[in-house]
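File shown here: query_34.cif, holding mmCIF, N, CA and C atoms.
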```cif
data_work
#
loop_
_atom_site.label_atom_id
_atom_site.label_comp_id
_atom_site.auth_asym_id
_atom_site.auth_seq_id
_atom_site.Cartn_x
_atom_site.Cartn_y
_atom_site.Cartn_z
N MET A 1 374.98 -25.34 405.29
CA MET A 1 376.35 -25.11 404.89
C MET A 1 377.00 -26.43 404.45
N ARG A 2 376.70 -27.51 405.19
CA ARG A 2 377.29 -28.80 404.84
C ARG A 2 376.80 -29.25 403.47
N LEU A 3 375.54 -28.98 403.18
CA LEU A 3 374.98 -29.37 401.88
C LEU A 3 375.66 -28.62 400.75
N LEU A 4 375.85 -27.33 400.95
CA LEU A 4 376.46 -26.52 399.90
C LEU A 4 377.91 -26.90 399.63
N SER A 5 378.57 -27.48 400.63
CA SER A 5 379.96 -27.86 400.44
C SER A 5 380.12 -29.21 399.74
N ARG A 6 379.02 -29.91 399.53
CA ARG A 6 379.09 -31.19 398.82
C ARG A 6 379.38 -30.98 397.35
N GLU A 7 380.17 -31.90 396.81
CA GLU A 7 380.49 -31.82 395.39
C GLU A 7 379.35 -32.34 394.53
N ASP A 8 378.67 -33.37 395.01
CA ASP A 8 377.62 -34.00 394.21
C ASP A 8 376.22 -33.66 394.76
N LEU A 9 375.93 -32.38 394.84
CA LEU A 9 374.65 -31.93 395.36
C LEU A 9 373.57 -32.15 394.31
N ARG A 10 372.67 -33.07 394.64
CA ARG A 10 371.56 -33.39 393.72
C ARG A 10 370.25 -32.93 394.32
N GLU A 11 369.27 -32.75 393.47
CA GLU A 11 367.95 -32.38 393.95
C GLU A 11 367.32 -33.60 394.62
N PRO A 12 366.81 -33.43 395.84
CA PRO A 12 366.22 -34.58 396.54
C PRO A 12 364.93 -35.05 395.88
N ARG A 13 364.69 -36.37 395.95
CA ARG A 13 363.46 -36.93 395.38
C ARG A 13 362.25 -36.50 396.20
N GLU A 14 362.41 -36.47 397.51
CA GLU A 14 361.34 -36.09 398.43
C GLU A 14 361.81 -34.89 399.26
N PRO A 15 361.63 -33.68 398.75
CA PRO A 15 362.17 -32.50 399.45
C PRO A 15 361.67 -32.36 400.89
N ARG A 16 360.40 -32.64 401.12
CA ARG A 16 359.86 -32.49 402.47
C ARG A 16 360.52 -33.48 403.44
N ALA A 17 360.63 -34.73 403.03
CA ALA A 17 361.28 -35.75 403.86
C ALA A 17 362.76 -35.41 404.07
N PHE A 18 363.38 -34.87 403.04
CA PHE A 18 364.78 -34.46 403.12
C PHE A 18 364.96 -33.37 404.17
N LEU A 19 364.07 -32.37 404.17
CA LEU A 19 364.14 -31.29 405.16
C LEU A 19 363.88 -31.81 406.57
N VAL A 20 362.96 -32.75 406.70
CA VAL A 20 362.70 -33.34 408.01
C VAL A 20 363.95 -34.07 408.51
N ALA A 21 364.61 -34.81 407.65
CA ALA A 21 365.83 -35.52 408.03
C ALA A 21 366.92 -34.54 408.46
N ILE A 22 367.05 -33.44 407.74
CA ILE A 22 368.04 -32.42 408.10
C ILE A 22 367.70 -31.82 409.46
N ALA A 23 366.43 -31.49 409.66
CA ALA A 23 366.00 -30.89 410.94
C ALA A 23 366.25 -31.85 412.10
N LYS A 24 365.95 -33.12 411.91
CA LYS A 24 366.21 -34.11 412.96
C LYS A 24 367.70 -34.19 413.28
N GLY A 25 368.52 -34.18 412.25
CA GLY A 25 369.96 -34.23 412.46
C GLY A 25 370.46 -33.01 413.22
N LEU A 26 369.95 -31.84 412.87
CA LEU A 26 370.36 -30.62 413.56
C LEU A 26 369.93 -30.63 415.02
N LEU A 27 368.71 -31.11 415.27
CA LEU A 27 368.23 -31.21 416.65
C LEU A 27 369.07 -32.20 417.45
N PHE A 28 369.37 -33.33 416.82
CA PHE A 28 370.20 -34.33 417.49
C PHE A 28 371.56 -33.73 417.84
N ASP A 29 372.17 -33.02 416.90
CA ASP A 29 373.47 -32.38 417.16
C ASP A 29 373.36 -31.37 418.30
N TYR A 30 372.31 -30.57 418.27
CA TYR A 30 372.11 -29.54 419.29
C TYR A 30 372.01 -30.18 420.68
N PHE A 31 371.15 -31.19 420.83
CA PHE A 31 370.95 -31.80 422.13
C PHE A 31 372.18 -32.58 422.60
N ARG A 32 372.90 -33.20 421.66
CA ARG A 32 374.11 -33.92 422.03
C ARG A 32 375.15 -32.92 422.55
N ARG A 33 375.29 -31.80 421.89
CA ARG A 33 376.27 -30.81 422.33
C ARG A 33 375.84 -30.14 423.64
N ALA A 34 374.53 -29.94 423.81
CA ALA A 34 374.04 -29.39 425.08
C ALA A 34 374.32 -30.37 426.21
N ALA A 35 374.13 -31.66 425.98
CA ALA A 35 374.42 -32.66 427.00
C ALA A 35 375.91 -32.70 427.31
N LEU A 36 376.74 -32.54 426.28
CA LEU A 36 378.18 -32.51 426.47
C LEU A 36 378.57 -31.31 427.33
N GLU A 37 378.00 -30.16 427.03
CA GLU A 37 378.29 -28.95 427.80
C GLU A 37 377.84 -29.12 429.25
N GLN A 38 376.66 -29.70 429.45
CA GLN A 38 376.16 -29.91 430.81
C GLN A 38 377.05 -30.88 431.58
N ALA A 39 377.53 -31.93 430.90
CA ALA A 39 378.42 -32.88 431.55
C ALA A 39 379.72 -32.19 431.98
N TYR A 40 380.24 -31.32 431.12
CA TYR A 40 381.45 -30.59 431.46
C TYR A 40 381.21 -29.70 432.68
N LEU A 41 380.10 -28.97 432.67
CA LEU A 41 379.81 -28.07 433.79
C LEU A 41 379.59 -28.84 435.09
N THR A 42 378.99 -30.01 434.99
CA THR A 42 378.79 -30.85 436.18
C THR A 42 380.13 -31.30 436.74
N GLU A 43 381.03 -31.73 435.85
CA GLU A 43 382.37 -32.14 436.30
C GLU A 43 383.14 -30.95 436.88
N LEU A 44 382.94 -29.78 436.31
CA LEU A 44 383.62 -28.58 436.79
C LEU A 44 383.20 -28.26 438.23
N MET A 45 381.95 -28.55 438.55
CA MET A 45 381.46 -28.27 439.90
C MET A 45 382.08 -29.20 440.95
N LEU A 46 382.67 -30.31 440.51
CA LEU A 46 383.26 -31.26 441.44
C LEU A 46 384.67 -30.87 441.90
N ILE A 47 385.28 -29.93 441.21
CA ILE A 47 386.62 -29.50 441.61
C ILE A 47 386.50 -28.22 442.42
N PRO A 48 387.46 -27.96 443.31
CA PRO A 48 387.41 -26.74 444.12
C PRO A 48 387.37 -25.49 443.24
N GLU A 49 386.62 -24.50 443.69
CA GLU A 49 386.46 -23.28 442.90
C GLU A 49 387.78 -22.58 442.63
N SER A 50 388.71 -22.71 443.56
CA SER A 50 390.02 -22.06 443.37
C SER A 50 390.79 -22.66 442.20
N GLU A 51 390.42 -23.88 441.77
CA GLU A 51 391.10 -24.54 440.66
C GLU A 51 390.34 -24.43 439.35
N HIS A 52 389.20 -23.75 439.35
CA HIS A 52 388.42 -23.60 438.13
C HIS A 52 389.18 -22.80 437.09
N PRO A 53 389.09 -23.19 435.85
CA PRO A 53 389.69 -22.36 434.80
C PRO A 53 388.92 -21.04 434.67
N SER A 54 389.57 -20.06 434.10
CA SER A 54 388.91 -18.77 433.89
C SER A 54 387.75 -18.95 432.91
N PRO A 55 386.81 -18.00 432.87
CA PRO A 55 385.71 -18.11 431.91
C PRO A 55 386.19 -18.25 430.47
N GLU A 56 387.28 -17.56 430.12
CA GLU A 56 387.82 -17.67 428.77
C GLU A 56 388.34 -19.08 428.51
N GLU A 57 389.06 -19.63 429.51
CA GLU A 57 389.57 -20.99 429.37
C GLU A 57 388.43 -22.01 429.31
N GLN A 58 387.39 -21.78 430.09
CA GLN A 58 386.22 -22.66 430.06
C GLN A 58 385.61 -22.67 428.66
N GLN A 59 385.50 -21.50 428.05
CA GLN A 59 384.93 -21.41 426.71
C GLN A 59 385.80 -22.14 425.70
N LEU A 60 387.12 -21.99 425.81
CA LEU A 60 388.03 -22.69 424.91
C LEU A 60 387.93 -24.21 425.10
N ILE A 61 387.81 -24.64 426.34
CA ILE A 61 387.67 -26.07 426.61
C ILE A 61 386.38 -26.60 426.00
N LEU A 62 385.29 -25.84 426.17
CA LEU A 62 384.01 -26.27 425.58
C LEU A 62 384.09 -26.33 424.06
N GLU A 63 384.75 -25.37 423.44
CA GLU A 63 384.91 -25.40 421.99
C GLU A 63 385.71 -26.62 421.56
N ASP A 64 386.76 -26.94 422.31
CA ASP A 64 387.56 -28.13 422.00
C ASP A 64 386.73 -29.40 422.16
N LEU A 65 385.94 -29.47 423.23
CA LEU A 65 385.08 -30.64 423.43
C LEU A 65 384.08 -30.81 422.30
N LYS A 66 383.53 -29.70 421.84
CA LYS A 66 382.57 -29.76 420.73
C LYS A 66 383.26 -30.18 419.43
N ALA A 67 384.48 -29.72 419.24
CA ALA A 67 385.23 -30.13 418.04
C ALA A 67 385.54 -31.63 418.09
N ILE A 68 385.91 -32.12 419.26
CA ILE A 68 386.16 -33.55 419.42
C ILE A 68 384.87 -34.33 419.18
N ASP A 69 383.77 -33.82 419.69
CA ASP A 69 382.47 -34.47 419.49
C ASP A 69 382.13 -34.55 418.00
N ARG A 70 382.36 -33.46 417.27
CA ARG A 70 382.10 -33.47 415.81
C ARG A 70 382.99 -34.49 415.12
N LEU A 71 384.24 -34.54 415.52
CA LEU A 71 385.20 -35.48 414.95
C LEU A 71 384.75 -36.91 415.19
N LEU A 72 384.41 -37.23 416.42
CA LEU A 72 384.00 -38.59 416.74
C LEU A 72 382.61 -38.90 416.23
N GLY A 73 381.83 -37.87 415.96
CA GLY A 73 380.49 -38.07 415.41
C GLY A 73 380.51 -38.66 414.01
N LYS A 74 381.66 -38.64 413.37
CA LYS A 74 381.78 -39.23 412.04
C LYS A 74 381.98 -40.74 412.10
N LEU A 75 382.17 -41.26 413.31
CA LEU A 75 382.35 -42.70 413.50
C LEU A 75 381.01 -43.35 413.81
N SER A 76 380.94 -44.66 413.61
CA SER A 76 379.75 -45.39 414.03
C SER A 76 379.69 -45.36 415.55
N SER A 77 378.54 -45.67 416.11
CA SER A 77 378.40 -45.62 417.56
C SER A 77 379.34 -46.60 418.25
N LYS A 78 379.52 -47.79 417.67
CA LYS A 78 380.43 -48.77 418.29
C LYS A 78 381.88 -48.33 418.16
N ALA A 79 382.25 -47.76 417.04
CA ALA A 79 383.63 -47.28 416.86
C ALA A 79 383.91 -46.14 417.83
N ARG A 80 382.95 -45.24 417.97
CA ARG A 80 383.11 -44.12 418.90
C ARG A 80 383.24 -44.64 420.33
N ALA A 81 382.36 -45.59 420.72
CA ALA A 81 382.41 -46.14 422.07
C ALA A 81 383.74 -46.85 422.31
N ALA A 82 384.20 -47.64 421.35
CA ALA A 82 385.47 -48.35 421.50
C ALA A 82 386.62 -47.37 421.68
N PHE A 83 386.63 -46.32 420.89
CA PHE A 83 387.70 -45.33 420.97
C PHE A 83 387.69 -44.64 422.33
N LEU A 84 386.52 -44.25 422.81
CA LEU A 84 386.42 -43.59 424.11
C LEU A 84 386.75 -44.54 425.26
N TYR A 85 386.28 -45.78 425.17
CA TYR A 85 386.63 -46.76 426.21
C TYR A 85 388.14 -46.92 426.30
N ASN A 86 388.79 -46.96 425.16
CA ASN A 86 390.24 -47.17 425.13
C ASN A 86 390.99 -45.93 425.61
N ARG A 87 390.64 -44.77 425.06
CA ARG A 87 391.41 -43.56 425.33
C ARG A 87 391.07 -42.92 426.67
N LEU A 88 389.81 -42.94 427.07
CA LEU A 88 389.42 -42.28 428.31
C LEU A 88 389.41 -43.21 429.51
N ASP A 89 388.93 -44.43 429.29
CA ASP A 89 388.81 -45.37 430.41
C ASP A 89 389.98 -46.34 430.49
N GLY A 90 390.86 -46.34 429.50
CA GLY A 90 392.03 -47.20 429.52
C GLY A 90 391.72 -48.68 429.37
N MET A 91 390.57 -48.99 428.79
CA MET A 91 390.19 -50.39 428.62
C MET A 91 391.01 -51.04 427.51
N GLY A 92 391.29 -52.32 427.68
CA GLY A 92 392.01 -53.09 426.67
C GLY A 92 391.08 -53.60 425.59
N HIS A 93 391.67 -54.13 424.55
CA HIS A 93 390.90 -54.59 423.39
C HIS A 93 389.90 -55.68 423.76
N ALA A 94 390.33 -56.66 424.56
CA ALA A 94 389.45 -57.77 424.92
C ALA A 94 388.27 -57.28 425.76
N GLU A 95 388.53 -56.38 426.67
CA GLU A 95 387.46 -55.85 427.52
C GLU A 95 386.45 -55.04 426.69
N ILE A 96 386.95 -54.26 425.77
CA ILE A 96 386.07 -53.48 424.89
C ILE A 96 385.24 -54.42 424.03
N ALA A 97 385.89 -55.44 423.48
CA ALA A 97 385.19 -56.41 422.64
C ALA A 97 384.04 -57.06 423.40
N GLN A 98 384.30 -57.43 424.62
CA GLN A 98 383.26 -58.06 425.44
C GLN A 98 382.13 -57.08 425.71
N ARG A 99 382.46 -55.86 426.04
CA ARG A 99 381.45 -54.86 426.36
C ARG A 99 380.58 -54.54 425.15
N LEU A 100 381.19 -54.48 423.97
CA LEU A 100 380.44 -54.12 422.76
C LEU A 100 379.85 -55.33 422.04
N GLY A 101 380.26 -56.53 422.45
CA GLY A 101 379.75 -57.73 421.80
C GLY A 101 380.30 -57.94 420.40
N VAL A 102 381.58 -57.59 420.23
CA VAL A 102 382.25 -57.75 418.93
C VAL A 102 383.57 -58.49 419.16
N SER A 103 384.25 -58.81 418.08
CA SER A 103 385.53 -59.51 418.17
C SER A 103 386.66 -58.51 418.46
N VAL A 104 387.78 -59.04 418.94
CA VAL A 104 388.96 -58.20 419.20
C VAL A 104 389.48 -57.57 417.90
N PRO A 105 389.55 -58.32 416.78
CA PRO A 105 389.97 -57.66 415.53
C PRO A 105 389.05 -56.51 415.13
N ARG A 106 387.76 -56.63 415.42
CA ARG A 106 386.82 -55.54 415.11
C ARG A 106 387.13 -54.32 415.98
N VAL A 107 387.48 -54.56 417.24
CA VAL A 107 387.86 -53.45 418.13
C VAL A 107 389.08 -52.74 417.57
N ARG A 108 390.05 -53.52 417.08
CA ARG A 108 391.25 -52.92 416.47
C ARG A 108 390.87 -52.02 415.29
N GLN A 109 389.91 -52.50 414.49
CA GLN A 109 389.44 -51.69 413.35
C GLN A 109 388.78 -50.40 413.84
N TYR A 110 387.95 -50.52 414.87
CA TYR A 110 387.29 -49.34 415.43
C TYR A 110 388.32 -48.32 415.93
N LEU A 111 389.33 -48.81 416.64
CA LEU A 111 390.35 -47.91 417.17
C LEU A 111 391.14 -47.25 416.04
N ALA A 112 391.42 -48.01 415.00
CA ALA A 112 392.11 -47.44 413.83
C ALA A 112 391.26 -46.35 413.19
N GLN A 113 389.95 -46.55 413.13
CA GLN A 113 389.06 -45.53 412.57
C GLN A 113 389.12 -44.26 413.42
N GLY A 114 389.11 -44.43 414.74
CA GLY A 114 389.19 -43.27 415.64
C GLY A 114 390.51 -42.53 415.49
N ILE A 115 391.58 -43.26 415.41
CA ILE A 115 392.90 -42.65 415.24
C ILE A 115 392.98 -41.94 413.89
N ARG A 116 392.39 -42.53 412.87
CA ARG A 116 392.37 -41.90 411.55
C ARG A 116 391.63 -40.57 411.61
N GLN A 117 390.50 -40.52 412.32
CA GLN A 117 389.75 -39.26 412.44
C GLN A 117 390.59 -38.21 413.16
N CYS A 118 391.34 -38.63 414.18
CA CYS A 118 392.22 -37.70 414.89
C CYS A 118 393.31 -37.18 413.95
N TYR A 119 393.87 -38.06 413.15
CA TYR A 119 394.91 -37.67 412.18
C TYR A 119 394.35 -36.64 411.20
N ILE A 120 393.15 -36.92 410.70
CA ILE A 120 392.53 -35.99 409.75
C ILE A 120 392.30 -34.63 410.40
N ALA A 121 391.87 -34.64 411.66
CA ALA A 121 391.64 -33.38 412.35
C ALA A 121 392.94 -32.59 412.53
N LEU A 122 394.03 -33.28 412.77
CA LEU A 122 395.29 -32.60 412.98
C LEU A 122 395.99 -32.19 411.69
N TYR A 123 395.97 -33.09 410.69
CA TYR A 123 396.80 -32.89 409.50
C TYR A 123 396.03 -32.82 408.19
N GLY A 124 394.75 -33.06 408.22
CA GLY A 124 393.98 -33.08 406.98
C GLY A 124 393.92 -34.49 406.42
N GLU A 125 393.18 -34.64 405.36
CA GLU A 125 392.98 -35.94 404.72
C GLU A 125 394.30 -36.50 404.21
N PRO A 126 394.63 -37.77 404.56
CA PRO A 126 395.89 -38.35 404.05
C PRO A 126 395.83 -38.53 402.54
N LEU A 127 396.99 -38.54 401.93
CA LEU A 127 397.07 -38.70 400.46
C LEU A 127 396.74 -40.10 400.04
#
```
Any chance you could put this one into C-alpha cells?
Amino acid sequence: MRLLSREDLREPREPRAFLVAIAKGLLFDYFRRAALEQAYLTELMLIPESEHPSPEEQQLILEDLKAIDRLLGKLSSKARAAFLYNRLDGMGHAEIAQRLGVSVPRVRQYLAQGIRQCYIALYGEPL
C-alpha cells in the first residue's frame, strides 16, 4: 500500500532484492510492534487489576501506541531516542547529548524533528 501511494513509483532495478528489502522491513515493523504490545501488557500487569482499563480501552491504547510508534519510526534512531528521553524520562538536553554522544545543538535538532512529526500527525503537513 505504501508503494502504491508513492508519486514517483519506478520499476526496481533488482526486483528480487527489492522484495527482500520490503519483506525485511515488514518483519521489522511486525516484531517492533509485537514488542511494544508486550511491553504494554507487562506494564499493565504491574498495576492492580481493579485499575485495569476495560478491554476496549486497552485496544484503543494499543492502537494509539502503535500510531505513535509509526510516527516516531519516521525519525532516525538517535532523534527518536532523544525525543523519548526528553518526553518520557524528562531528561535535559545536556544529559541526552551525553547519553547519545552528540552535541547539545544536535539534541535540539532531534527534538525539533520529533515535535514536527507530532505536529504533522495532529494537523497534517505544514505549508
Centre and edge lengths, as AutoDock Vina command-line options, for the axis-aligned box enclosing every listed atom of segment 44-62 of chain A with 5 Å of padding on each of the six sides, in Å to one decimal?
```
--center_x 386.3 --center_y -24.4 --center_z 434.1 --size_x 19.6 --size_y 23.7 --size_z 30.1
```
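With distances restricted to all atoms listed in the file, A:Gly114 is the closest residue to Leu72 of chain A from A:Gly114, A:Lys24, A:Leu122, A:Glu7.
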May I have all residues of segment 22-76 of chain A that DSSP, computed from the backbone, assigns to helix (DSSP H, G or I), given as number ranges by chain? A: 22-45, 49-51, 55-72
Those residues with N, CA and C atoms, as a compact mmCIF listing (two decimals), in the frame of the given file please?
```txt
# COMPACT_ATOMS: atom_id res chain seq x y z
N ILE A 22 367.05 -33.44 407.74
CA ILE A 22 368.04 -32.42 408.10
C ILE A 22 367.70 -31.82 409.46
N ALA A 23 366.43 -31.49 409.66
CA ALA A 23 366.00 -30.89 410.94
C ALA A 23 366.25 -31.85 412.10
N LYS A 24 365.95 -33.12 411.91
CA LYS A 24 366.21 -34.11 412.96
C LYS A 24 367.70 -34.19 413.28
N GLY A 25 368.52 -34.18 412.25
CA GLY A 25 369.96 -34.23 412.46
C GLY A 25 370.46 -33.01 413.22
N LEU A 26 369.95 -31.84 412.87
CA LEU A 26 370.36 -30.62 413.56
C LEU A 26 369.93 -30.63 415.02
N LEU A 27 368.71 -31.11 415.27
CA LEU A 27 368.23 -31.21 416.65
C LEU A 27 369.07 -32.20 417.45
N PHE A 28 369.37 -33.33 416.82
CA PHE A 28 370.20 -34.33 417.49
C PHE A 28 371.56 -33.73 417.84
N ASP A 29 372.17 -33.02 416.90
CA ASP A 29 373.47 -32.38 417.16
C ASP A 29 373.36 -31.37 418.30
N TYR A 30 372.31 -30.57 418.27
CA TYR A 30 372.11 -29.54 419.29
C TYR A 30 372.01 -30.18 420.68
N PHE A 31 371.15 -31.19 420.83
CA PHE A 31 370.95 -31.80 422.13
C PHE A 31 372.18 -32.58 422.60
N ARG A 32 372.90 -33.20 421.66
CA ARG A 32 374.11 -33.92 422.03
C ARG A 32 375.15 -32.92 422.55
N ARG A 33 375.29 -31.80 421.89
CA ARG A 33 376.27 -30.81 422.33
C ARG A 33 375.84 -30.14 423.64
N ALA A 34 374.53 -29.94 423.81
CA ALA A 34 374.04 -29.39 425.08
C ALA A 34 374.32 -30.37 426.21
N ALA A 35 374.13 -31.66 425.98
CA ALA A 35 374.42 -32.66 427.00
C ALA A 35 375.91 -32.70 427.31
N LEU A 36 376.74 -32.54 426.28
CA LEU A 36 378.18 -32.51 426.47
C LEU A 36 378.57 -31.31 427.33
N GLU A 37 378.00 -30.16 427.03
CA GLU A 37 378.29 -28.95 427.80
C GLU A 37 377.84 -29.12 429.25
N GLN A 38 376.66 -29.70 429.45
CA GLN A 38 376.16 -29.91 430.81
C GLN A 38 377.05 -30.88 431.58
N ALA A 39 377.53 -31.93 430.90
CA ALA A 39 378.42 -32.88 431.55
C ALA A 39 379.72 -32.19 431.98
N TYR A 40 380.24 -31.32 431.12
CA TYR A 40 381.45 -30.59 431.46
C TYR A 40 381.21 -29.70 432.68
N LEU A 41 380.10 -28.97 432.67
CA LEU A 41 379.81 -28.07 433.79
C LEU A 41 379.59 -28.84 435.09
N THR A 42 378.99 -30.01 434.99
CA THR A 42 378.79 -30.85 436.18
C THR A 42 380.13 -31.30 436.74
N GLU A 43 381.03 -31.73 435.85
CA GLU A 43 382.37 -32.14 436.30
C GLU A 43 383.14 -30.95 436.88
N LEU A 44 382.94 -29.78 436.31
CA LEU A 44 383.62 -28.58 436.79
C LEU A 44 383.20 -28.26 438.23
N MET A 45 381.95 -28.55 438.55
CA MET A 45 381.46 -28.27 439.90
C MET A 45 382.08 -29.20 440.95
N GLU A 49 386.62 -24.50 443.69
CA GLU A 49 386.46 -23.28 442.90
C GLU A 49 387.78 -22.58 442.63
N SER A 50 388.71 -22.71 443.56
CA SER A 50 390.02 -22.06 443.37
C SER A 50 390.79 -22.66 442.20
N GLU A 51 390.42 -23.88 441.77
CA GLU A 51 391.10 -24.54 440.66
C GLU A 51 390.34 -24.43 439.35
N PRO A 55 386.81 -18.00 432.87
CA PRO A 55 385.71 -18.11 431.91
C PRO A 55 386.19 -18.25 430.47
N GLU A 56 387.28 -17.56 430.12
CA GLU A 56 387.82 -17.67 428.77
C GLU A 56 388.34 -19.08 428.51
N GLU A 57 389.06 -19.63 429.51
CA GLU A 57 389.57 -20.99 429.37
C GLU A 57 388.43 -22.01 429.31
N GLN A 58 387.39 -21.78 430.09
CA GLN A 58 386.22 -22.66 430.06
C GLN A 58 385.61 -22.67 428.66
N GLN A 59 385.50 -21.50 428.05
CA GLN A 59 384.93 -21.41 426.71
C GLN A 59 385.80 -22.14 425.70
N LEU A 60 387.12 -21.99 425.81
CA LEU A 60 388.03 -22.69 424.91
C LEU A 60 387.93 -24.21 425.10
N ILE A 61 387.81 -24.64 426.34
CA ILE A 61 387.67 -26.07 426.61
C ILE A 61 386.38 -26.60 426.00
N LEU A 62 385.29 -25.84 426.17
CA LEU A 62 384.01 -26.27 425.58
C LEU A 62 384.09 -26.33 424.06
N GLU A 63 384.75 -25.37 423.44
CA GLU A 63 384.91 -25.40 421.99
C GLU A 63 385.71 -26.62 421.56
N ASP A 64 386.76 -26.94 422.31
CA ASP A 64 387.56 -28.13 422.00
C ASP A 64 386.73 -29.40 422.16
N LEU A 65 385.94 -29.47 423.23
CA LEU A 65 385.08 -30.64 423.43
C LEU A 65 384.08 -30.81 422.30
N LYS A 66 383.53 -29.70 421.84
CA LYS A 66 382.57 -29.76 420.73
C LYS A 66 383.26 -30.18 419.43
N ALA A 67 384.48 -29.72 419.24
CA ALA A 67 385.23 -30.13 418.04
C ALA A 67 385.54 -31.63 418.09
N ILE A 68 385.91 -32.12 419.26
CA ILE A 68 386.16 -33.55 419.42
C ILE A 68 384.87 -34.33 419.18
N ASP A 69 383.77 -33.82 419.69
CA ASP A 69 382.47 -34.47 419.49
C ASP A 69 382.13 -34.55 418.00
N ARG A 70 382.36 -33.46 417.27
CA ARG A 70 382.10 -33.47 415.81
C ARG A 70 382.99 -34.49 415.12
N LEU A 71 384.24 -34.54 415.52
CA LEU A 71 385.20 -35.48 414.95
C LEU A 71 384.75 -36.91 415.19
N LEU A 72 384.41 -37.23 416.42
CA LEU A 72 384.00 -38.59 416.74
C LEU A 72 382.61 -38.90 416.23
```
Taking only residues of segment 54-108 of chain A that have an atom at most 8 Å from an atom of segment 25-44 of chain A, what is each one's shortest atom pair and its distance in Å to one decimal, using all atoms listed in the file, in chain and number order, as CSV?
```
residue,atom,partner,partner_atom,distance
A:Leu62,CA,A:Glu37,CA,6.7
A:Leu65,C,A:Leu36,CA,7.4
A:Lys66,CA,A:Arg33,CA,6.6
A:Asp69,CA,A:Arg33,CA,7.7
```
For N, CA and C atoms, I'd like the residues from the last selection saved as a short mmCIF file (atom, residue, chain, number, x, y, z; two decimals), keeping the file's coordinate frame.
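part.cif written:
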```
data_model
loop_
_atom_site.label_atom_id
_atom_site.label_comp_id
_atom_site.auth_asym_id
_atom_site.auth_seq_id
_atom_site.Cartn_x
_atom_site.Cartn_y
_atom_site.Cartn_z
N LEU A 62 385.29 -25.84 426.17
CA LEU A 62 384.01 -26.27 425.58
C LEU A 62 384.09 -26.33 424.06
N LEU A 65 385.94 -29.47 423.23
CA LEU A 65 385.08 -30.64 423.43
C LEU A 65 384.08 -30.81 422.30
N LYS A 66 383.53 -29.70 421.84
CA LYS A 66 382.57 -29.76 420.73
C LYS A 66 383.26 -30.18 419.43
N ASP A 69 383.77 -33.82 419.69
CA ASP A 69 382.47 -34.47 419.49
C ASP A 69 382.13 -34.55 418.00
#
```
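When atom CA of Ala94 of chain A is paired with atom CA of Ser77 of chain A, their separation reads 18.0 Å.
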Which polymer residues, protein or nucleic acid, are no farther than 10 Å from (385.4, -55.4, 415.5), counting only C-alpha atoms, as JSON, numbers by chain? {"A": [78, 79, 82, 93, 96, 97, 100, 101, 102, 103, 104, 105, 106, 107, 108, 109, 110, 111]}
Grab the residues selected above and save them as a short mmCIF file (atom, residue, chain, number, x, y, z; two decimals), in the coordinates of the input with N, CA and C atoms.
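In the end it all went to part.cif:
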```cif
data_model
loop_
_atom_site.label_atom_id
_atom_site.label_comp_id
_atom_site.auth_asym_id
_atom_site.auth_seq_id
_atom_site.Cartn_x
_atom_site.Cartn_y
_atom_site.Cartn_z
N LYS A 78 379.52 -47.79 417.67
CA LYS A 78 380.43 -48.77 418.29
C LYS A 78 381.88 -48.33 418.16
N ALA A 79 382.25 -47.76 417.04
CA ALA A 79 383.63 -47.28 416.86
C ALA A 79 383.91 -46.14 417.83
N ALA A 82 384.20 -47.64 421.35
CA ALA A 82 385.47 -48.35 421.50
C ALA A 82 386.62 -47.37 421.68
N HIS A 93 391.67 -54.13 424.55
CA HIS A 93 390.90 -54.59 423.39
C HIS A 93 389.90 -55.68 423.76
N ILE A 96 386.95 -54.26 425.77
CA ILE A 96 386.07 -53.48 424.89
C ILE A 96 385.24 -54.42 424.03
N ALA A 97 385.89 -55.44 423.48
CA ALA A 97 385.19 -56.41 422.64
C ALA A 97 384.04 -57.06 423.40
N LEU A 100 381.19 -54.48 423.97
CA LEU A 100 380.44 -54.12 422.76
C LEU A 100 379.85 -55.33 422.04
N GLY A 101 380.26 -56.53 422.45
CA GLY A 101 379.75 -57.73 421.80
C GLY A 101 380.30 -57.94 420.40
N VAL A 102 381.58 -57.59 420.23
CA VAL A 102 382.25 -57.75 418.93
C VAL A 102 383.57 -58.49 419.16
N SER A 103 384.25 -58.81 418.08
CA SER A 103 385.53 -59.51 418.17
C SER A 103 386.66 -58.51 418.46
N VAL A 104 387.78 -59.04 418.94
CA VAL A 104 388.96 -58.20 419.20
C VAL A 104 389.48 -57.57 417.90
N PRO A 105 389.55 -58.32 416.78
CA PRO A 105 389.97 -57.66 415.53
C PRO A 105 389.05 -56.51 415.13
N ARG A 106 387.76 -56.63 415.42
CA ARG A 106 386.82 -55.54 415.11
C ARG A 106 387.13 -54.32 415.98
N VAL A 107 387.48 -54.56 417.24
CA VAL A 107 387.86 -53.45 418.13
C VAL A 107 389.08 -52.74 417.57
N ARG A 108 390.05 -53.52 417.08
CA ARG A 108 391.25 -52.92 416.47
C ARG A 108 390.87 -52.02 415.29
N GLN A 109 389.91 -52.50 414.49
CA GLN A 109 389.44 -51.69 413.35
C GLN A 109 388.78 -50.40 413.84
N TYR A 110 387.95 -50.52 414.87
CA TYR A 110 387.29 -49.34 415.43
C TYR A 110 388.32 -48.32 415.93
N LEU A 111 389.33 -48.81 416.64
CA LEU A 111 390.35 -47.91 417.17
C LEU A 111 391.14 -47.25 416.04
#
```
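Take atom CA of Ser76 of chain A and atom C of Gln113 of chain A: the distance between them is 9.5 Å.
Take atom CA of Gly90 of chain A and atom CA of Ala112 of chain A: the distance between them is 15.7 Å.
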Closest contacts (segment 33-103 of chain A/segment 116-121 of chain A, max 8 Å, all atoms listed in the file) as JSON lines:
```
{"residue": "A:Leu71", "atom": "C", "partner": "A:Gln117", "partner_atom": "CA", "distance": 6.2}
{"residue": "A:Leu72", "atom": "N", "partner": "A:Gln117", "partner_atom": "CA", "distance": 7.0}
{"residue": "A:Lys74", "atom": "C", "partner": "A:Gln117", "partner_atom": "CA", "distance": 7.9}
{"residue": "A:Leu75", "atom": "N", "partner": "A:Gln117", "partner_atom": "CA", "distance": 7.9}
```
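Distance check against Phe83 of chain A using only N, CA and C atoms: of A:Gln98, A:Ile115, A:Arg70, A:Glu57, the minimum falls on A:Ile115.
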